[in-house]
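S.K.: I'd like to ask some things about the structure below.
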Amino acid sequence: MVDNTYQLAIVGLGGMGNWHREIIETIDGIEVCCSFDIKEERQQFARDHGITPYNSFEELLADEKVDIVLCATPNDSHKEIVIRALRAGKHVVCEKPVTLNSKDLQDMIDAAEETGKLFTVHQNRRWDEDFLTVKKIYEENMLGDIFRIESRVHGSRGIPGEWRQLPEHGGGMVLDWGVHILDQALMMIPYKVKSVYATFTHVTNELVDDGFTVVLTFENGLEYLVEVGTSNFINLPRWYVLGQNGTAIVKDWDLSGQIVRVTDWSKNDAVPIRTAAGLTKTMAPRTEDTIKTEPLPIVRSDIRGYYRNVMAAIEGKEEIIVKLPEVMRVMKLMEAIFEAAEKEQIIPFEYDLNS
Ligand code: NAD
């Protein structure tokens, strides 16, 4: 600490490391003091932005004023960096995915327990407003009993960068975007996942999944589809939520969308729709007098709450929001997804957060 301000060191000052730098600049009580990156260009970037770039990770760890280490390097290097930082007496924030498998994660958790230092993961998409809005719709039962949720992120640029394309660096979309939107599913639905089914795509990359579709079945029967695509030139909506009395759609991160609810079940008769080859009453749209269209109940958030919570948790004033058992649960879920895709089978899933 310097002048009651937490000193944070960034290991891996690339795209995301710099995002943390920019956010931390806007938060009272914490500042980025130093960094280490294996690329000289990023060391220079640190100098240009008033941050001390250490010549090695060891030198950074030896700096006694560093309270918190942020690990924002490629996924395969998180384990070693986190464990060494904890053992050097630092609190640690690690980028997602925390690591590549549950065994490595357990070693990291053990190191945190041995040292008594705070260790948490940057599951920042728990603060996404589209997610918080759908969570509100779910929690407030705004559509009646929700029986299906579809959560998708679609892009059309394949897998970006170099290391994300390689299995040895923990590449692929399950570990990249999957960990975010699976974590969202587990944080929204207060029931256990019963089973998992998954298929992967390899449109632009043979080595790692460049997209996937996962179906989670929760113990209350709710079916939750999670999909990531990187060859989608037309996007499907970010969220599609089906309840017994209504449907919600969130089209994009700009929170455009709506809710349509049934107001009158009694007027169920429909004028049949004629298609080129036939007639359907079942698929005829509802008449306006039996439904109501409403705006989404937008929930606003402030991502700076992430680091404010980290500081309060270090001081024992708040519980940490991103808890290690939750991080382990999503890691085990991703392992079940890899197994389901490989075996082409529905895989039973069991994980007790309190175990
Ligand atoms: P990046 O390639 O832009 O940056 C990684 C940086 O780490 C590079 O500058 C590289 O030189 C450096 N580096 C590599 N190995 C190192 C080591 N051993 N020691 C020090 N520096 C090292 O990648 P990125 O997009 O910033 O991703 C970094 C991490 O952040 C990944 O784990 C990724 O999954 C995560 N990420 C999270 C989010 C989010 O929203 N939470 C978004 C993007 C990336």
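By convention in this document, the chains of the structure tokens carry letters A, B, ... by their order, each chain's residues are numbered from 1, and ligands are numbered from 1 in the order they are shown.
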Determine, counting only C-alpha atoms, which protein, DNA and RNA residues have an atom within 9 Å of an atom of region 98-110 of chain A; residues of the same chain fewer than 2 positions away are not included. Present the result as a PyMOL selection string.

M.R.: chain A and resi 75-80+82-83+86+94-96+112-115+119-122+169-170+175+324+327-329+331-332+334-335

S.K.: Fewer than 2 positions away in the same chain doesn't count, so skip those; otherwise give me all residues within 7 Å of Gly158 (chain A), counting only C-alpha atoms, as JSON, numbers by chain.

M.R.: {"A": [156, 160, 204, 210, 230, 231]}

S.K.: Per residue of chain A within 6 Å of ligand 1, which atom pair is closest and at what distance in Å (one decimal), using only C-alpha atoms and all ligand atoms, listed by chain and increasing number, as a Markdown table?

M.R.:
| residue | atom | partner | partner_atom_place_in_ligand_line | distance |
| --- | --- | --- | --- | --- |
| A:Val11 | CA | ligand 1 | 20 (C) | 5.1 |
| A:Gly12 | CA | ligand 1 | 7 (O) | 3.5 |
| A:Leu13 | CA | ligand 1 | 9 (O) | 5.0 |
| A:Gly14 | CA | ligand 1 | 4 (O) | 3.3 |
| A:Gly15 | CA | ligand 1 | 26 (O) | 3.7 |
| A:Met16 | CA | ligand 1 | 26 (O) | 3.6 |
| A:Gly17 | CA | ligand 1 | 26 (O) | 5.6 |
| A:Phe36 | CA | ligand 1 | 20 (C) | 5.5 |
| A:Asp37 | CA | ligand 1 | 21 (N) | 3.6 |
| A:Ile38 | CA | ligand 1 | 21 (N) | 4.6 |
| A:Lys39 | CA | ligand 1 | 11 (O) | 4.6 |
| A:Arg42 | CA | ligand 1 | 9 (O) | 5.9 |
| A:Ala72 | CA | ligand 1 | 29 (C) | 4.2 |
| A:Thr73 | CA | ligand 1 | 7 (O) | 3.8 |
| A:Pro74 | CA | ligand 1 | 31 (C) | 4.6 |
| A:Asn75 | CA | ligand 1 | 32 (O) | 4.3 |
| A:Ser77 | CA | ligand 1 | 18 (N) | 5.9 |
| A:Glu95 | CA | ligand 1 | 32 (O) | 5.0 |
| A:Lys96 | CA | ligand 1 | 34 (O) | 5.1 |
| A:Pro97 | CA | ligand 1 | 34 (O) | 5.7 |
| A:His122 | CA | ligand 1 | 41 (N) | 5.6 |
| A:Gln123 | CA | ligand 1 | 41 (N) | 6.0 |
| A:Asn124 | CA | ligand 1 | 41 (N) | 5.6 |
| A:Asp176 | CA | ligand 1 | 34 (O) | 5.5 |

S.K.: Once you have the residues from the selection above, write them out as a CSV table (one decimal), in the first residue's frame, restricted to N, CA, C and O atoms.

M.R.:
chain,number,residue,atom,x,y,z
A,11,VAL,N,0.7,-8.6,-14.7
A,11,VAL,CA,1.6,-9.6,-15.5
A,11,VAL,C,0.9,-9.9,-16.8
A,11,VAL,O,-0.2,-10.5,-16.7
A,12,GLY,N,1.5,-9.5,-17.9
A,12,GLY,CA,0.8,-9.7,-19.2
A,12,GLY,C,0.0,-8.4,-19.5
A,12,GLY,O,-1.2,-8.3,-19.3
A,13,LEU,N,0.8,-7.4,-20.0
A,13,LEU,CA,0.1,-6.1,-20.3
A,13,LEU,C,-0.3,-6.1,-21.8
A,13,LEU,O,0.0,-5.2,-22.6
A,14,GLY,N,-1.1,-7.1,-22.2
A,14,GLY,CA,-1.6,-7.1,-23.6
A,14,GLY,C,-3.0,-6.5,-23.6
A,14,GLY,O,-3.3,-5.5,-22.9
A,15,GLY,N,-3.9,-7.0,-24.5
A,15,GLY,CA,-5.2,-6.4,-24.7
A,15,GLY,C,-5.9,-6.3,-23.4
A,15,GLY,O,-6.4,-5.2,-23.0
A,16,MET,N,-6.1,-7.4,-22.7
A,16,MET,CA,-6.9,-7.3,-21.4
A,16,MET,C,-6.2,-6.7,-20.3
A,16,MET,O,-6.8,-6.0,-19.5
A,17,GLY,N,-4.9,-6.9,-20.2
A,17,GLY,CA,-4.1,-6.3,-19.1
A,17,GLY,C,-4.3,-4.8,-19.2
A,17,GLY,O,-4.5,-4.1,-18.2
A,36,PHE,N,4.9,-6.6,-15.8
A,36,PHE,CA,5.9,-7.4,-16.5
A,36,PHE,C,5.2,-8.1,-17.7
A,36,PHE,O,4.2,-8.7,-17.6
A,37,ASP,N,5.9,-7.9,-18.8
A,37,ASP,CA,5.4,-8.6,-20.1
A,37,ASP,C,6.7,-9.1,-20.8
A,37,ASP,O,7.7,-8.5,-20.8
A,38,ILE,N,6.5,-10.3,-21.4
A,38,ILE,CA,7.7,-10.9,-22.1
A,38,ILE,C,8.0,-10.1,-23.4
A,38,ILE,O,9.1,-10.3,-23.9
A,39,LYS,N,7.1,-9.3,-23.9
A,39,LYS,CA,7.3,-8.6,-25.1
A,39,LYS,C,7.9,-7.2,-24.8
A,39,LYS,O,7.2,-6.4,-24.1
A,42,ARG,N,5.5,-4.3,-25.2
A,42,ARG,CA,4.5,-4.0,-24.1
A,42,ARG,C,5.2,-3.4,-22.9
A,42,ARG,O,4.6,-2.7,-22.1
A,72,ALA,N,-2.8,-11.6,-16.5
A,72,ALA,CA,-3.6,-11.4,-17.7
A,72,ALA,C,-2.7,-11.9,-18.9
A,72,ALA,O,-2.6,-11.3,-19.9
A,73,THR,N,-2.1,-13.1,-18.7
A,73,THR,CA,-1.3,-13.7,-19.8
A,73,THR,C,-2.2,-14.8,-20.5
A,73,THR,O,-3.3,-15.1,-20.0
A,74,PRO,N,-1.6,-15.4,-21.5
A,74,PRO,CA,-2.4,-16.5,-22.2
A,74,PRO,C,-2.7,-17.6,-21.2
A,74,PRO,O,-2.0,-17.8,-20.2
A,75,ASN,N,-3.8,-18.3,-21.4
A,75,ASN,CA,-4.4,-19.2,-20.5
A,75,ASN,C,-3.5,-20.3,-19.8
A,75,ASN,O,-3.7,-20.6,-18.7
A,77,SER,N,-0.5,-20.2,-19.0
A,77,SER,CA,0.5,-19.7,-18.1
A,77,SER,C,0.0,-19.2,-16.8
A,77,SER,O,0.7,-18.9,-15.8
A,95,GLU,N,-7.1,-13.7,-14.7
A,95,GLU,CA,-8.1,-13.6,-15.8
A,95,GLU,C,-8.7,-15.0,-16.0
A,95,GLU,O,-8.2,-16.0,-15.6
A,96,LYS,N,-9.9,-15.0,-16.7
A,96,LYS,CA,-10.5,-16.2,-17.1
A,96,LYS,C,-9.9,-16.8,-18.4
A,96,LYS,O,-9.4,-15.9,-19.1
A,97,PRO,N,-10.0,-18.0,-18.7
A,97,PRO,CA,-10.4,-19.1,-17.8
A,97,PRO,C,-9.2,-19.2,-16.8
A,97,PRO,O,-8.1,-19.1,-17.2
A,122,HIS,N,-11.4,-13.1,-12.7
A,122,HIS,CA,-12.1,-12.0,-13.4
A,122,HIS,C,-13.3,-12.5,-14.2
A,122,HIS,O,-13.2,-12.5,-15.5
A,123,GLN,N,-14.3,-13.0,-13.6
A,123,GLN,CA,-15.6,-13.4,-14.3
A,123,GLN,C,-16.4,-12.1,-14.4
A,123,GLN,O,-17.5,-12.0,-13.9
A,124,ASN,N,-15.9,-11.2,-15.2
A,124,ASN,CA,-16.4,-9.8,-15.3
A,124,ASN,C,-17.8,-9.8,-16.0
A,124,ASN,O,-18.6,-8.9,-15.8
A,176,ASP,N,-12.7,-19.8,-23.9
A,176,ASP,CA,-12.6,-18.3,-24.1
A,176,ASP,C,-13.9,-17.7,-23.8
A,176,ASP,O,-14.1,-17.1,-22.7

S.K.: Of the candidates A:Asp252, A:Pro167, A:Arg152, A:Ile298, which one gets nearest to Asn232 (chain A) if we count only C-alpha atoms?

M.R.: A:Arg152

S.K.: Using only C-alpha atoms, which residue out of A:Ile234, A:Met187, A:Ile159, A:Leu70 lies closest to Leu353 (chain A)?

M.R.: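 The shortest atom-to-atom distance to Leu353 (chain A) comes from A:Met187.
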
S.K.: If you measure from CA of Met173 (chain A) to CA of Leu8 (chain A), what distance in Å do you get, rounded to one decimal?

M.R.: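 Between CA of Met173 (chain A) and CA of Leu8 (chain A) the gap is 28.9 Å.
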
S.K.: From the options A:Ala277, A:Ile23, A:Ala46, A:Cys34, which residue's atoms come nearest to Ala62 (chain A), counting only C-alpha atoms?

M.R.: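 That would be A:Cys34, the residue with the smallest distance to Ala62 (chain A).
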
S.K.: Of the candidates A:Val330, A:Leu166, A:Gln244, A:Glu41, which shows the shortest atom-to-atom distance to His180 (chain A), using only C-alpha atoms?

M.R.: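 Going through A:Val330, A:Leu166, A:Gln244, A:Glu41 one by one, the smallest distance to His180 (chain A) is for A:Val330.
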
S.K.: Name all residues at most 12 Å from Glu288 (chain A) (count only C-alpha atoms; drop same-chain ones fewer than 2 positions away) and give them as a VMD selection string.

M.R.: chain A and resid 260 to 264 267 to 268 270 285 to 286 290 to 293

S.K.: Let's see if you can do this: from backbone DSSP, list all strand (DSSP E or B) residues in region 183-339 of chain A, as a PDB file with N, CA and C atoms, in the first residue's frame.

M.R.:
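So part_31.pdb came out as:
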ATOM      1  N   VAL A 193     -27.227 -28.353 -12.435  1.00  0.00           N
ATOM      2  CA  VAL A 193     -27.237 -28.918 -13.790  1.00  0.00           C
ATOM      3  C   VAL A 193     -27.263 -30.435 -13.639  1.00  0.00           C
ATOM      4  N   LYS A 194     -28.170 -31.062 -14.395  1.00  0.00           N
ATOM      5  CA  LYS A 194     -28.312 -32.523 -14.311  1.00  0.00           C
ATOM      6  C   LYS A 194     -27.502 -33.218 -15.404  1.00  0.00           C
ATOM      7  N   SER A 195     -27.524 -32.634 -16.615  1.00  0.00           N
ATOM      8  CA  SER A 195     -26.798 -33.273 -17.717  1.00  0.00           C
ATOM      9  C   SER A 195     -26.374 -32.240 -18.755  1.00  0.00           C
ATOM     10  N   VAL A 196     -25.416 -32.673 -19.579  1.00  0.00           N
ATOM     11  CA  VAL A 196     -24.771 -31.772 -20.528  1.00  0.00           C
ATOM     12  C   VAL A 196     -24.666 -32.465 -21.877  1.00  0.00           C
ATOM     13  N   TYR A 197     -25.001 -31.727 -22.934  1.00  0.00           N
ATOM     14  CA  TYR A 197     -24.740 -32.241 -24.283  1.00  0.00           C
ATOM     15  C   TYR A 197     -24.016 -31.152 -25.063  1.00  0.00           C
ATOM     16  N   ALA A 198     -23.068 -31.529 -25.923  1.00  0.00           N
ATOM     17  CA  ALA A 198     -22.288 -30.496 -26.618  1.00  0.00           C
ATOM     18  C   ALA A 198     -21.833 -30.967 -27.985  1.00  0.00           C
ATOM     19  N   THR A 199     -21.840 -30.032 -28.938  1.00  0.00           N
ATOM     20  CA  THR A 199     -21.173 -30.282 -30.219  1.00  0.00           C
ATOM     21  C   THR A 199     -20.253 -29.090 -30.498  1.00  0.00           C
ATOM     22  N   PHE A 200     -19.135 -29.381 -31.157  1.00  0.00           N
ATOM     23  CA  PHE A 200     -18.151 -28.330 -31.468  1.00  0.00           C
ATOM     24  C   PHE A 200     -18.129 -28.082 -32.971  1.00  0.00           C
ATOM     25  N   THR A 201     -17.709 -26.858 -33.364  1.00  0.00           N
ATOM     26  CA  THR A 201     -17.445 -26.606 -34.781  1.00  0.00           C
ATOM     27  C   THR A 201     -15.939 -26.418 -34.978  1.00  0.00           C
ATOM     28  N   GLY A 211     -16.206 -22.828 -32.209  1.00  0.00           N
ATOM     29  CA  GLY A 211     -17.585 -22.553 -31.822  1.00  0.00           C
ATOM     30  C   GLY A 211     -18.159 -23.810 -31.189  1.00  0.00           C
ATOM     31  N   PHE A 212     -19.286 -23.646 -30.519  1.00  0.00           N
ATOM     32  CA  PHE A 212     -19.911 -24.824 -29.903  1.00  0.00           C
ATOM     33  C   PHE A 212     -21.373 -24.550 -29.609  1.00  0.00           C
ATOM     34  N   THR A 213     -22.115 -25.635 -29.452  1.00  0.00           N
ATOM     35  CA  THR A 213     -23.479 -25.556 -28.936  1.00  0.00           C
ATOM     36  C   THR A 213     -23.558 -26.504 -27.752  1.00  0.00           C
ATOM     37  N   VAL A 214     -24.014 -25.983 -26.635  1.00  0.00           N
ATOM     38  CA  VAL A 214     -24.135 -26.796 -25.417  1.00  0.00           C
ATOM     39  C   VAL A 214     -25.582 -26.737 -24.963  1.00  0.00           C
ATOM     40  N   VAL A 215     -26.117 -27.877 -24.560  1.00  0.00           N
ATOM     41  CA  VAL A 215     -27.438 -27.869 -23.920  1.00  0.00           C
ATOM     42  C   VAL A 215     -27.264 -28.366 -22.488  1.00  0.00           C
ATOM     43  N   LEU A 216     -27.617 -27.488 -21.554  1.00  0.00           N
ATOM     44  CA  LEU A 216     -27.595 -27.853 -20.137  1.00  0.00           C
ATOM     45  C   LEU A 216     -29.027 -28.161 -19.721  1.00  0.00           C
ATOM     46  N   THR A 217     -29.229 -29.294 -19.082  1.00  0.00           N
ATOM     47  CA  THR A 217     -30.556 -29.564 -18.514  1.00  0.00           C
ATOM     48  C   THR A 217     -30.438 -29.439 -17.004  1.00  0.00           C
ATOM     49  N   PHE A 218     -31.229 -28.529 -16.434  1.00  0.00           N
ATOM     50  CA  PHE A 218     -31.205 -28.320 -14.981  1.00  0.00           C
ATOM     51  C   PHE A 218     -32.167 -29.297 -14.314  1.00  0.00           C
ATOM     52  N   GLU A 223     -34.289 -26.134 -19.795  1.00  0.00           N
ATOM     53  CA  GLU A 223     -33.252 -26.410 -20.787  1.00  0.00           C
ATOM     54  C   GLU A 223     -32.587 -25.081 -21.138  1.00  0.00           C
ATOM     55  N   TYR A 224     -31.259 -25.079 -21.117  1.00  0.00           N
ATOM     56  CA  TYR A 224     -30.508 -23.835 -21.291  1.00  0.00           C
ATOM     57  C   TYR A 224     -29.478 -24.067 -22.380  1.00  0.00           C
ATOM     58  N   LEU A 225     -29.670 -23.368 -23.491  1.00  0.00           N
ATOM     59  CA  LEU A 225     -28.755 -23.527 -24.621  1.00  0.00           C
ATOM     60  C   LEU A 225     -27.686 -22.433 -24.577  1.00  0.00           C
ATOM     61  N   VAL A 226     -26.439 -22.859 -24.737  1.00  0.00           N
ATOM     62  CA  VAL A 226     -25.317 -21.919 -24.745  1.00  0.00           C
ATOM     63  C   VAL A 226     -24.585 -22.117 -26.064  1.00  0.00           C
ATOM     64  N   GLU A 227     -24.436 -21.039 -26.816  1.00  0.00           N
ATOM     65  CA  GLU A 227     -23.834 -21.210 -28.145  1.00  0.00           C
ATOM     66  C   GLU A 227     -22.835 -20.092 -28.436  1.00  0.00           C
ATOM     67  N   VAL A 228     -21.684 -20.491 -28.936  1.00  0.00           N
ATOM     68  CA  VAL A 228     -20.689 -19.522 -29.412  1.00  0.00           C
ATOM     69  C   VAL A 228     -20.378 -19.865 -30.854  1.00  0.00           C
ATOM     70  N   GLY A 229     -20.385 -18.851 -31.718  1.00  0.00           N
ATOM     71  CA  GLY A 229     -20.040 -19.072 -33.126  1.00  0.00           C
ATOM     72  C   GLY A 229     -19.068 -18.005 -33.582  1.00  0.00           C
ATOM     73  N   TRP A 239     -30.004 -13.143 -26.469  1.00  0.00           N
ATOM     74  CA  TRP A 239     -30.818 -13.946 -25.538  1.00  0.00           C
ATOM     75  C   TRP A 239     -32.220 -14.173 -26.107  1.00  0.00           C
ATOM     76  N   TYR A 240     -32.733 -15.362 -25.856  1.00  0.00           N
ATOM     77  CA  TYR A 240     -34.112 -15.699 -26.220  1.00  0.00           C
ATOM     78  C   TYR A 240     -34.657 -16.524 -25.059  1.00  0.00           C
ATOM     79  N   VAL A 241     -35.697 -16.020 -24.412  1.00  0.00           N
ATOM     80  CA  VAL A 241     -36.142 -16.622 -23.149  1.00  0.00           C
ATOM     81  C   VAL A 241     -37.620 -16.973 -23.256  1.00  0.00           C
ATOM     82  N   LEU A 242     -37.948 -18.215 -22.975  1.00  0.00           N
ATOM     83  CA  LEU A 242     -39.324 -18.685 -23.143  1.00  0.00           C
ATOM     84  C   LEU A 242     -39.933 -19.069 -21.799  1.00  0.00           C
ATOM     85  N   GLY A 243     -41.044 -18.395 -21.481  1.00  0.00           N
ATOM     86  CA  GLY A 243     -41.785 -18.755 -20.274  1.00  0.00           C
ATOM     87  C   GLY A 243     -43.187 -19.184 -20.648  1.00  0.00           C
ATOM     88  N   GLY A 246     -45.029 -15.929 -21.636  1.00  0.00           N
ATOM     89  CA  GLY A 246     -44.423 -14.882 -22.460  1.00  0.00           C
ATOM     90  C   GLY A 246     -43.031 -15.243 -22.945  1.00  0.00           C
ATOM     91  N   THR A 247     -42.514 -14.355 -23.771  1.00  0.00           N
ATOM     92  CA  THR A 247     -41.193 -14.549 -24.373  1.00  0.00           C
ATOM     93  C   THR A 247     -40.423 -13.238 -24.257  1.00  0.00           C
ATOM     94  N   ALA A 248     -39.115 -13.359 -24.018  1.00  0.00           N
ATOM     95  CA  ALA A 248     -38.266 -12.155 -24.013  1.00  0.00           C
ATOM     96  C   ALA A 248     -37.148 -12.344 -25.017  1.00  0.00           C
ATOM     97  N   ILE A 249     -36.780 -11.247 -25.649  1.00  0.00           N
ATOM     98  CA  ILE A 249     -35.658 -11.286 -26.574  1.00  0.00           C
ATOM     99  C   ILE A 249     -34.738 -10.110 -26.246  1.00  0.00           C
ATOM    100  N   VAL A 250     -33.447 -10.398 -26.155  1.00  0.00           N
ATOM    101  CA  VAL A 250     -32.442  -9.338 -26.039  1.00  0.00           C
ATOM    102  C   VAL A 250     -31.587  -9.497 -27.282  1.00  0.00           C
ATOM    103  N   GLY A 257     -34.492  -4.916 -27.559  1.00  0.00           N
ATOM    104  CA  GLY A 257     -35.273  -6.140 -27.373  1.00  0.00           C
ATOM    105  C   GLY A 257     -36.607  -5.829 -26.750  1.00  0.00           C
ATOM    106  N   GLN A 258     -37.332  -6.848 -26.389  1.00  0.00           N
ATOM    107  CA  GLN A 258     -38.670  -6.651 -25.825  1.00  0.00           C
ATOM    108  C   GLN A 258     -39.167  -7.904 -25.131  1.00  0.00           C
ATOM    109  N   ILE A 259     -40.269  -7.697 -24.423  1.00  0.00           N
ATOM    110  CA  ILE A 259     -40.988  -8.821 -23.822  1.00  0.00           C
ATOM    111  C   ILE A 259     -42.376  -8.836 -24.447  1.00  0.00           C
ATOM    112  N   VAL A 260     -42.862 -10.013 -24.781  1.00  0.00           N
ATOM    113  CA  VAL A 260     -44.258 -10.153 -25.207  1.00  0.00           C
ATOM    114  C   VAL A 260     -44.925 -11.131 -24.247  1.00  0.00           C
ATOM    115  N   ARG A 261     -46.019 -10.645 -23.626  1.00  0.00           N
ATOM    116  CA  ARG A 261     -46.735 -11.492 -22.663  1.00  0.00           C
ATOM    117  C   ARG A 261     -48.177 -11.687 -23.098  1.00  0.00           C
ATOM    118  N   VAL A 262     -48.708 -12.840 -22.760  1.00  0.00           N
ATOM    119  CA  VAL A 262     -50.124 -13.104 -23.050  1.00  0.00           C
ATOM    120  C   VAL A 262     -50.970 -12.391 -22.015  1.00  0.00           C
ATOM    121  N   ILE A 273     -52.972 -19.293 -41.197  1.00  0.00           N
ATOM    122  CA  ILE A 273     -51.971 -18.719 -42.104  1.00  0.00           C
ATOM    123  C   ILE A 273     -51.845 -19.659 -43.299  1.00  0.00           C
ATOM    124  N   ARG A 274     -51.865 -19.055 -44.483  1.00  0.00           N
ATOM    125  CA  ARG A 274     -51.666 -19.874 -45.685  1.00  0.00           C
ATOM    126  C   ARG A 274     -50.217 -19.771 -46.110  1.00  0.00           C
ATOM    127  N   THR A 275     -49.584 -20.890 -46.302  1.00  0.00           N
ATOM    128  CA  THR A 275     -48.236 -20.899 -46.877  1.00  0.00           C
ATOM    129  C   THR A 275     -48.383 -21.386 -48.315  1.00  0.00           C
ATOM    130  N   GLY A 278     -49.780 -24.987 -47.917  1.00  0.00           N
ATOM    131  CA  GLY A 278     -50.733 -25.486 -46.927  1.00  0.00           C
ATOM    132  C   GLY A 278     -51.275 -24.400 -46.027  1.00  0.00           C
ATOM    133  N   LEU A 279     -51.769 -24.859 -44.860  1.00  0.00           N
ATOM    134  CA  LEU A 279     -52.543 -24.011 -43.956  1.00  0.00           C
ATOM    135  C   LEU A 279     -52.094 -24.333 -42.535  1.00  0.00           C
ATOM    136  N   THR A 280     -51.920 -23.305 -41.680  1.00  0.00           N
ATOM    137  CA  THR A 280     -51.626 -23.610 -40.275  1.00  0.00           C
ATOM    138  C   THR A 280     -52.307 -22.622 -39.337  1.00  0.00           C
ATOM    139  N   ILE A 291     -52.203 -10.042 -26.437  1.00  0.00           N
ATOM    140  CA  ILE A 291     -50.815  -9.937 -25.954  1.00  0.00           C
ATOM    141  C   ILE A 291     -50.472  -8.494 -25.605  1.00  0.00           C
ATOM    142  N   LYS A 292     -49.370  -8.364 -24.854  1.00  0.00           N
ATOM    143  CA  LYS A 292     -48.884  -7.017 -24.538  1.00  0.00           C
ATOM    144  C   LYS A 292     -47.379  -7.015 -24.780  1.00  0.00           C
ATOM    145  N   THR A 293     -46.930  -6.005 -25.511  1.00  0.00           N
ATOM    146  CA  THR A 293     -45.491  -5.880 -25.758  1.00  0.00           C
ATOM    147  C   THR A 293     -44.932  -4.841 -24.800  1.00  0.00           C
ATOM    148  N   GLU A 294     -43.852  -5.210 -24.122  1.00  0.00           N
ATOM    149  CA  GLU A 294     -43.293  -4.316 -23.102  1.00  0.00           C
ATOM    150  C   GLU A 294     -41.797  -4.150 -23.301  1.00  0.00           C
TER     151      GLU A 294
END

S.K.: Determine which residues of region 43-186 of chain A receive a DSSP assignment of helix (DSSP H, G or I), computed from the backbone, and state them as a ChimeraX atom specification.

M.R.: /A:43-48,57-62,75-87,102-115,124-127,129-139,163-165,167-169,173-186

S.K.: So that I can see what lies close to Thr52 (chain A), please list as a ChimeraX atom specification the residues with an atom at most 10 Å from it, counting only C-alpha atoms and leaving out residues fewer than 6 positions away in the same chain.

M.R.: /A:9,32-36,43-44,46,60

S.K.: Using only C-alpha atoms, determine which residues lie at most 8 Å from His91 (chain A), disregarding the query and same-chain residues fewer than 4 positions distant; provide the list as a list in words.

M.R.: Asp67, Ile68, Val69, Ala85, Leu86, Lys117, Leu118 and Phe119 of chain A

S.K.: Distance CA of Glu59 (chain A)-CA of Ala88 (chain A), one decimal place?

M.R.: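 Value for the CA of Glu59 (chain A)-CA of Ala88 (chain A) distance: 11.1 Å.
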
S.K.: Kindly give the distance, in Å, that separates CA of Trp177 (chain A) and CA of Asn235 (chain A), rounded to a single decimal.

M.R.: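 Interatomic distance, CA of Trp177 (chain A) to CA of Asn235 (chain A): 15.6 Å.
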
S.K.: Name the closest residue to Gly29 (chain A) among the candidates A:Trp163, A:Tyr54, A:Trp253, A:Tyr307; distances are taken between atoms, counting only C-alpha atoms.

M.R.: A:Tyr307
